[in-house]
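Asks: Quick one, coords_12.pdb (PDB, C-alpha atoms):
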```
ATOM      1  CA  MET A  17    -119.190  54.712  52.082
ATOM      2  CA  ASN A  18    -118.837  55.685  48.398
ATOM      3  CA  ASN A  19    -120.866  52.658  47.339
ATOM      4  CA  ILE A  20    -123.778  53.426  49.630
ATOM      5  CA  ILE A  21    -126.731  55.483  48.416
ATOM      6  CA  TRP A  22    -129.847  56.687  50.204
ATOM      7  CA  HIS A  23    -133.062  55.135  48.896
ATOM      8  CA  SER A  24    -136.087  57.388  49.090
ATOM      9  CA  ALA A  25    -139.478  55.844  49.815
ATOM     10  CA  THR A  26    -142.804  56.759  48.263
ATOM     11  CA  VAL A  27    -144.440  56.317  51.667
ATOM     12  CA  THR A  28    -143.196  59.450  53.389
ATOM     13  CA  ARG A  29    -143.169  60.473  57.008
ATOM     14  CA  ALA A  30    -145.964  62.961  56.266
ATOM     15  CA  ARG A  31    -148.142  60.168  54.870
ATOM     16  CA  ARG A  32    -147.454  57.993  57.890
ATOM     17  CA  GLU A  33    -148.313  60.838  60.269
ATOM     18  CA  SER A  34    -151.526  61.462  58.360
ATOM     19  CA  GLN A  35    -152.466  57.808  58.747
ATOM     20  CA  ASN A  36    -151.518  57.876  62.444
ATOM     21  CA  ASN A  37    -153.484  61.109  62.964
ATOM     22  CA  HIS A  38    -150.647  62.604  64.995
ATOM     23  CA  LYS A  39    -147.104  63.854  64.500
ATOM     24  CA  GLY A  40    -143.973  61.825  65.094
ATOM     25  CA  ILE A  41    -141.852  63.254  67.887
ATOM     26  CA  ILE A  42    -139.022  62.399  70.265
ATOM     27  CA  LEU A  43    -139.649  62.658  74.002
ATOM     28  CA  TRP A  44    -136.179  62.332  75.512
ATOM     29  CA  PHE A  45    -136.330  61.668  79.264
ATOM     30  CA  THR A  46    -133.069  62.233  81.133
ATOM     31  CA  GLY A  47    -132.156  62.108  84.802
ATOM     32  CA  LEU A  48    -130.391  60.087  87.473
ATOM     33  CA  SER A  49    -131.026  56.398  87.990
ATOM     34  CA  GLY A  50    -134.202  56.209  90.067
ATOM     35  CA  SER A  51    -135.462  59.629  88.998
ATOM     36  CA  GLY A  52    -138.573  58.149  87.388
ATOM     37  CA  LYS A  53    -137.682  58.276  83.693
ATOM     38  CA  SER A  54    -138.984  54.838  82.756
ATOM     39  CA  THR A  55    -142.004  55.067  85.038
ATOM     40  CA  LEU A  56    -143.017  58.399  83.533
ATOM     41  CA  ALA A  57    -142.294  57.371  79.946
ATOM     42  CA  HIS A  58    -144.433  54.243  80.256
ATOM     43  CA  ALA A  59    -147.243  56.123  81.999
ATOM     44  CA  ILE A  60    -147.317  58.662  79.181
ATOM     45  CA  GLU A  61    -147.193  55.898  76.601
ATOM     46  CA  GLU A  62    -150.198  54.261  78.261
ATOM     47  CA  ARG A  63    -152.143  57.544  78.064
ATOM     48  CA  LEU A  64    -151.179  58.043  74.424
ATOM     49  CA  HIS A  65    -152.079  54.456  73.576
ATOM     50  CA  GLN A  66    -155.539  55.049  75.007
ATOM     51  CA  LEU A  67    -155.808  57.942  72.544
ATOM     52  CA  ASN A  68    -154.933  55.561  69.668
ATOM     53  CA  CYS A  69    -151.482  57.060  69.171
ATOM     54  CA  ARG A  70    -148.637  54.967  67.793
ATOM     55  CA  THR A  71    -145.896  54.927  70.413
ATOM     56  CA  PHE A  72    -142.790  53.096  71.535
ATOM     57  CA  VAL A  73    -140.575  53.408  74.608
ATOM     58  CA  LEU A  74    -136.840  52.878  74.175
ATOM     59  CA  ASP A  75    -135.803  51.969  77.708
ATOM     60  CA  GLY A  76    -132.205  51.995  78.885
ATOM     61  CA  ASP A  77    -132.141  48.571  80.530
ATOM     62  CA  ASN A  78    -134.065  46.915  77.693
ATOM     63  CA  ILE A  79    -131.751  48.298  75.007
ATOM     64  CA  ARG A  80    -128.732  46.999  76.899
ATOM     65  CA  HIS A  81    -130.113  43.458  76.509
ATOM     66  CA  GLY A  82    -129.786  43.613  72.732
ATOM     67  CA  LEU A  83    -128.691  46.546  70.585
ATOM     68  CA  CYS A  84    -126.130  47.756  73.122
ATOM     69  CA  SER A  85    -125.322  44.504  74.921
ATOM     70  CA  ASP A  86    -121.701  44.819  73.791
ATOM     71  CA  LEU A  87    -121.174  48.138  75.576
ATOM     72  CA  GLY A  88    -119.881  48.828  79.060
ATOM     73  CA  PHE A  89    -120.459  51.902  81.191
ATOM     74  CA  ASP A  90    -117.287  53.955  80.834
ATOM     75  CA  ASP A  91    -117.587  57.370  79.190
ATOM     76  CA  LYS A  92    -116.761  56.116  75.691
ATOM     77  CA  ALA A  93    -119.327  53.317  75.897
ATOM     78  CA  ARG A  94    -121.986  55.662  77.264
ATOM     79  CA  LYS A  95    -121.466  57.993  74.316
ATOM     80  CA  GLU A  96    -121.802  55.132  71.843
ATOM     81  CA  ASN A  97    -124.909  53.903  73.657
ATOM     82  CA  ILE A  98    -126.606  57.271  73.230
ATOM     83  CA  ARG A  99    -125.420  57.589  69.624
ATOM     84  CA  ARG A 100    -127.044  54.289  68.710
ATOM     85  CA  ILE A 101    -130.247  55.148  70.522
ATOM     86  CA  SER A 102    -130.416  58.520  68.792
ATOM     87  CA  GLU A 103    -130.208  56.875  65.380
ATOM     88  CA  VAL A 104    -132.866  54.303  66.273
ATOM     89  CA  ALA A 105    -135.134  57.051  67.626
ATOM     90  CA  LYS A 106    -134.701  58.991  64.401
ATOM     91  CA  LEU A 107    -135.832  55.989  62.346
ATOM     92  CA  MET A 108    -138.841  55.495  64.580
ATOM     93  CA  MET A 109    -139.828  59.135  64.286
ATOM     94  CA  GLU A 110    -139.584  58.838  60.495
ATOM     95  CA  ALA A 111    -142.152  56.066  60.859
ATOM     96  CA  GLY A 112    -144.459  58.669  62.419
ATOM     97  CA  ILE A 113    -144.194  57.169  65.895
ATOM     98  CA  ILE A 114    -144.174  59.114  69.142
ATOM     99  CA  THR A 115    -140.888  57.770  70.487
ATOM    100  CA  LEU A 116    -140.129  58.016  74.191
ATOM    101  CA  THR A 117    -136.566  57.383  75.346
ATOM    102  CA  ALA A 118    -135.686  56.709  78.976
ATOM    103  CA  PHE A 119    -131.917  56.889  79.415
ATOM    104  CA  ILE A 120    -129.745  58.544  82.023
ATOM    105  CA  SER A 121    -127.810  60.106  79.113
ATOM    106  CA  PRO A 122    -125.574  61.900  81.611
ATOM    107  CA  PHE A 123    -123.547  64.105  79.271
ATOM    108  CA  ARG A 124    -124.911  67.319  77.759
ATOM    109  CA  SER A 125    -122.788  66.921  74.640
ATOM    110  CA  ASP A 126    -124.386  63.547  73.874
ATOM    111  CA  ARG A 127    -127.898  64.941  74.317
ATOM    112  CA  GLU A 128    -127.014  67.902  72.117
ATOM    113  CA  ASN A 129    -125.683  65.568  69.434
ATOM    114  CA  ALA A 130    -128.950  63.647  69.611
ATOM    115  CA  ARG A 131    -130.928  66.888  69.304
ATOM    116  CA  LYS A 132    -128.985  67.835  66.160
ATOM    117  CA  LEU A 133    -130.343  64.777  64.349
ATOM    118  CA  PHE A 134    -133.874  66.176  64.421
ATOM    119  CA  PRO A 135    -135.560  69.207  62.898
ATOM    120  CA  HIS A 136    -136.110  72.108  65.274
ATOM    121  CA  GLY A 137    -138.948  71.465  67.706
ATOM    122  CA  GLU A 138    -139.085  67.703  67.167
ATOM    123  CA  PHE A 139    -136.737  66.732  69.991
ATOM    124  CA  ILE A 140    -138.362  67.369  73.352
ATOM    125  CA  GLU A 141    -135.907  66.984  76.214
ATOM    126  CA  ILE A 142    -137.577  66.271  79.546
ATOM    127  CA  TYR A 143    -135.457  66.512  82.667
ATOM    128  CA  CYS A 144    -136.681  64.249  85.458
ATOM    129  CA  ASP A 145    -135.331  66.351  88.285
ATOM    130  CA  CYS A 146    -134.974  64.299  91.443
ATOM    131  CA  SER A 147    -132.546  64.678  94.307
ATOM    132  CA  LEU A 148    -129.810  62.103  94.693
ATOM    133  CA  GLU A 149    -131.132  61.352  98.182
ATOM    134  CA  VAL A 150    -134.588  60.415  96.880
ATOM    135  CA  CYS A 151    -133.118  58.422  93.995
ATOM    136  CA  GLU A 152    -131.104  56.370  96.477
ATOM    137  CA  GLN A 153    -134.182  55.813  98.642
ATOM    138  CA  ARG A 154    -136.121  54.544  95.625
ATOM    139  CA  ASP A 155    -133.340  52.251  94.395
ATOM    140  CA  PRO A 156    -134.911  48.745  94.364
ATOM    141  CA  LYS A 157    -131.815  47.011  92.978
ATOM    142  CA  GLY A 158    -129.407  48.494  95.486
ATOM    143  CA  LEU A 159    -127.219  49.917  92.737
ATOM    144  CA  TYR A 160    -126.344  53.125  94.570
ATOM    145  CA  GLN A 161    -125.089  51.215  97.594
ATOM    146  CA  LYS A 162    -123.052  48.921  95.349
ATOM    147  CA  ALA A 163    -121.591  52.006  93.675
ATOM    148  CA  ARG A 164    -120.719  53.547  97.039
ATOM    149  CA  ASP A 165    -119.121  50.254  98.067
ATOM    150  CA  GLY A 166    -117.004  50.306  94.911
ATOM    151  CA  VAL A 167    -118.676  47.219  93.437
ATOM    152  CA  ILE A 168    -120.085  49.134  90.444
ATOM    153  CA  PRO A 169    -117.618  51.529  88.754
ATOM    154  CA  HIS A 170    -118.614  54.508  86.596
ATOM    155  CA  PHE A 171    -122.000  54.893  88.314
ATOM    156  CA  THR A 172    -123.739  58.159  87.506
ATOM    157  CA  GLY A 173    -124.224  60.407  90.492
ATOM    158  CA  ILE A 174    -121.617  58.584  92.586
ATOM    159  CA  SER A 175    -118.413  57.885  90.662
ATOM    160  CA  SER A 176    -119.411  59.396  87.314
ATOM    161  CA  PRO A 177    -120.959  62.836  86.752
ATOM    162  CA  TYR A 178    -124.473  63.721  85.668
ATOM    163  CA  GLU A 179    -124.670  66.988  83.726
ATOM    164  CA  ALA A 180    -128.147  68.400  84.234
ATOM    165  CA  PRO A 181    -129.731  70.000  81.155
ATOM    166  CA  GLU A 182    -129.209  73.718  80.677
ATOM    167  CA  ARG A 183    -131.849  73.965  77.975
ATOM    168  CA  MET A 184    -134.770  71.590  77.926
ATOM    169  CA  GLU A 185    -138.379  71.726  76.882
ATOM    170  CA  ALA A 186    -139.714  70.503  80.223
ATOM    171  CA  ILE A 187    -138.539  69.896  83.749
ATOM    172  CA  ILE A 188    -140.525  67.526  85.938
ATOM    173  CA  LYS A 189    -139.884  67.548  89.683
ATOM    174  CA  THR A 190    -140.332  63.824  90.073
ATOM    175  CA  ASP A 191    -139.438  63.907  93.766
ATOM    176  CA  GLU A 192    -142.317  66.309  94.429
ATOM    177  CA  LEU A 193    -145.079  65.374  91.982
ATOM    178  CA  ALA A 194    -147.304  62.320  91.854
ATOM    179  CA  ILE A 195    -146.980  60.328  88.632
ATOM    180  CA  GLU A 196    -150.429  61.518  87.498
ATOM    181  CA  GLU A 197    -149.375  65.148  87.893
ATOM    182  CA  SER A 198    -146.181  64.527  85.950
ATOM    183  CA  VAL A 199    -148.101  62.863  83.122
ATOM    184  CA  GLU A 200    -150.516  65.799  82.941
ATOM    185  CA  GLN A 201    -147.645  68.258  82.543
ATOM    186  CA  ILE A 202    -146.260  66.371  79.549
ATOM    187  CA  MET A 203    -149.675  65.804  77.980
ATOM    188  CA  LYS A 204    -150.371  69.528  78.253
ATOM    189  CA  LEU A 205    -147.124  70.215  76.399
ATOM    190  CA  LEU A 206    -148.040  67.762  73.622
ATOM    191  CA  TYR A 207    -151.430  69.399  73.161
ATOM    192  CA  GLU A 208    -149.962  72.908  73.172
ATOM    193  CA  ARG A 209    -147.455  71.941  70.476
ATOM    194  CA  GLY A 210    -150.135  70.334  68.315
ATOM    195  CA  ILE A 211    -148.444  66.939  68.409
ATOM    196  CA  ILE A 212    -151.695  65.307  69.402
ATOM    197  CA  LYS A 213    -155.218  66.611  69.047
ATOM    198  CA  ASN A 214    -157.370  67.592  71.988
ATOM    199  CA  GLU A 215    -159.312  64.740  73.542
TER     200      GLU A 215
END
```
As a first step, turn the structure in this file into C-alpha cells.

Replies:
Amino acid sequence: MNNIIWHSATVTRARRESQNNHKGIILWFTGLSGSGKSTLAHAIEERLHQLNCRTFVLDGDNIRHGLCSDLGFDDKARKENIRRISEVAKLMMEAGIITLTAFISPFRSDRENARKLFPHGEFIEIYCDCSLEVCEQRDPKGLYQKARDGVIPHFTGISSPYEAPERMEAIIKTDELAIEESVEQIMKLLYERGIIKNE
C-alpha cells in the first residue's frame, strides 16, 4: 500500500452534480427477500429518470452474477458482499449519480460500516418493512420453501438472522402500501432534503 497514491481529478463531484442538476446520494434499501426492495428501487429510478436524473440501481442478484460471483452466503461472504457494494456505491456517488442499492444486507454492523463511508446525510437507509408471512407468499422462486426444507442454507429470515434497522431515514410498510404510495414517500423525502428540485 506504500506505493499507492490517490490521484485527484480536476472534474470534481461538485462539478458533476452541477452538470447533472441534482445531488449524488445513496438510497440503501434493506429488508427480507421478497420485501419489495428491488421493485421499489426500480420504480423510484424510473420516476427519477423521467425527471432527467442520472441514476443507477445496484441490485443484489445482478451483482452476484459478476462483481460478487465468487462469494457464497455464509456470514463472512455476506459481509464481503456488502463491503464491495459499499465501495462501488461510493464511487458512483462521487460521479454525481443517485445510486439505489437493493440488498438484504441483513446485519446492522455491515450497514453501519457502509454508512461510515459517506458524509453525514448522504446515506439514506430505507427499511422495506414486510412481514415474513407476506414475503413467503410473494416468493416467486420458492426460495423460502427450499430454505425450510434445508435445501438452501444460510437463508435470511429462516436459518440466518435479519437485523432490522434501529436508525434509518425511512421505513416503508411494503406489505401495506401500493408501490405508487411507497414511491411517493421516497420522492417526498428527496424533495424535502433538496436532493432533487421540485417538479

Asks: Each residue of region 82-127 of chain A with at least one atom at most 12 Å from region 164-186 of chain A should appear once, together with its nearest atom pair and the corresponding distance in Å (one decimal); atoms considered: all atoms listed in the file; ordering: chain, then increasing residue number; output as a Markdown table.

Replies:
```
| residue | atom | partner | partner_atom | distance |
| --- | --- | --- | --- | --- |
| A:Gly88 | CA | A:His170 | CA | 9.5 |
| A:Phe89 | CA | A:His170 | CA | 6.3 |
| A:Asp90 | CA | A:His170 | CA | 5.9 |
| A:Asp91 | CA | A:His170 | CA | 8.0 |
| A:Lys92 | CA | A:His170 | CA | 11.2 |
| A:Ala93 | CA | A:His170 | CA | 10.8 |
| A:Arg94 | CA | A:His170 | CA | 10.0 |
| A:Phe119 | CA | A:Thr172 | CA | 11.6 |
| A:Ile120 | CA | A:Thr172 | CA | 8.1 |
| A:Ser121 | CA | A:Tyr178 | CA | 8.2 |
| A:Pro122 | CA | A:Tyr178 | CA | 4.6 |
| A:Phe123 | CA | A:Glu179 | CA | 5.4 |
| A:Arg124 | CA | A:Glu179 | CA | 6.0 |
| A:Ser125 | CA | A:Glu179 | CA | 9.3 |
| A:Asp126 | CA | A:Glu179 | CA | 10.4 |
| A:Arg127 | CA | A:Pro181 | CA | 8.7 |
```

Asks: Pick the closest to Glu200 (chain A) from A:Leu48, A:Leu107, A:Leu43, A:Leu56: which is it, counting only C-alpha atoms?

Replies: A:Leu56

Asks: Mind telling me what the PyMOL selection byres ((chain A and resi 104) around 12) catches here, as a PyMOL selection string?

Replies: chain A and resi 42+72-74+79+83-84+97-103+105-111+113+115-117+130+133

Asks: At what distance in Å, to one decimal, does CA of Ser198 (chain A) lie from CA of Glu62 (chain A)?

Replies: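 Going from CA of Glu62 (chain A) over to CA of Ser198 (chain A), I get 13.4 Å.
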
Asks: Show me, as CSV, the residues of region 186-214 of chain A having an atom within 10 Å of region 146-161 of chain A, each with the closest atom pair and its distance in Å, using all atoms listed in the file.

Replies:
```
residue,atom,partner,partner_atom,distance
A:Ile188,CA,A:Cys146,CA,8.5
A:Lys189,CA,A:Cys146,CA,6.1
A:Thr190,CA,A:Cys146,CA,5.6
A:Asp191,CA,A:Cys146,CA,5.0
A:Glu192,CA,A:Cys146,CA,8.2
```

Asks: Go ahead and fit an axis-aligned box to every listed atom of region 48-62 of chain A plus 6 Å each side, and pass me the centre and edge lengths in Å, one decimal, as JSON.

Replies:
```
{"center_x": -140.3, "center_y": 57.2, "center_z": 83.3, "size_x": 31.8, "size_y": 17.8, "size_z": 25.5}
```

Asks: Go through A:Ala30, A:Ala194, A:Ala57, A:Ile114 and flag the residue nearest Ile211 (chain A), using only C-alpha atoms for the distances.

Replies: A:Ile114

Asks: For the structure provided, state which residues fall under the PyMOL selection byres ((chain A and resi 37) around 12), and present them as a VMD selection string.

Replies: chain A and resid 29 to 36 38 to 40 67 to 70 112 to 114 210 to 214

Asks: Please indicate the distance in Å from CA of Thr28 (chain A) to CA of Thr71 (chain A), rounded to one decimal place.

Replies: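 Taking CA of Thr28 (chain A) as the start and CA of Thr71 (chain A) as the end point, the length is 17.8 Å.
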
Asks: Ranking A:Ser49, A:Thr26, A:Gln66, A:Thr55 by minimum distance to Ile195 (chain A) and counting all atoms listed in the file, which one comes first?

Replies: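 Of all the options, A:Thr55 lies closest to Ile195 (chain A).
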
Asks: Quick one: which residues end up in the PyMOL selection byres ((chain A and resi 142) around 6) for this structure, as JSON, numbers by chain?

Replies: {"A": [44, 45, 141, 143, 186, 187]}

Asks: Give me the residues within 8 Å of Ser54 (chain A) as a tab-separated table (two decimals) with C-alpha atoms, in the coordinates of the input, counting only C-alpha atoms and dropping any in the same chain fewer than 4 places off.

Replies:
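File around_34.tsv, as written:
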```
chain	number	residue	atom	x	y	z
A	58	HIS	CA	-144.43	54.24	80.26
A	75	ASP	CA	-135.80	51.97	77.71
A	118	ALA	CA	-135.69	56.71	78.98
```

Asks: Please report the interatomic distance between CA of Leu87 (chain A) and CA of Glu128 (chain A) in Å with one decimal.

Replies: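 Result for CA of Leu87 (chain A) versus CA of Glu128 (chain A): 20.9 Å, one decimal.
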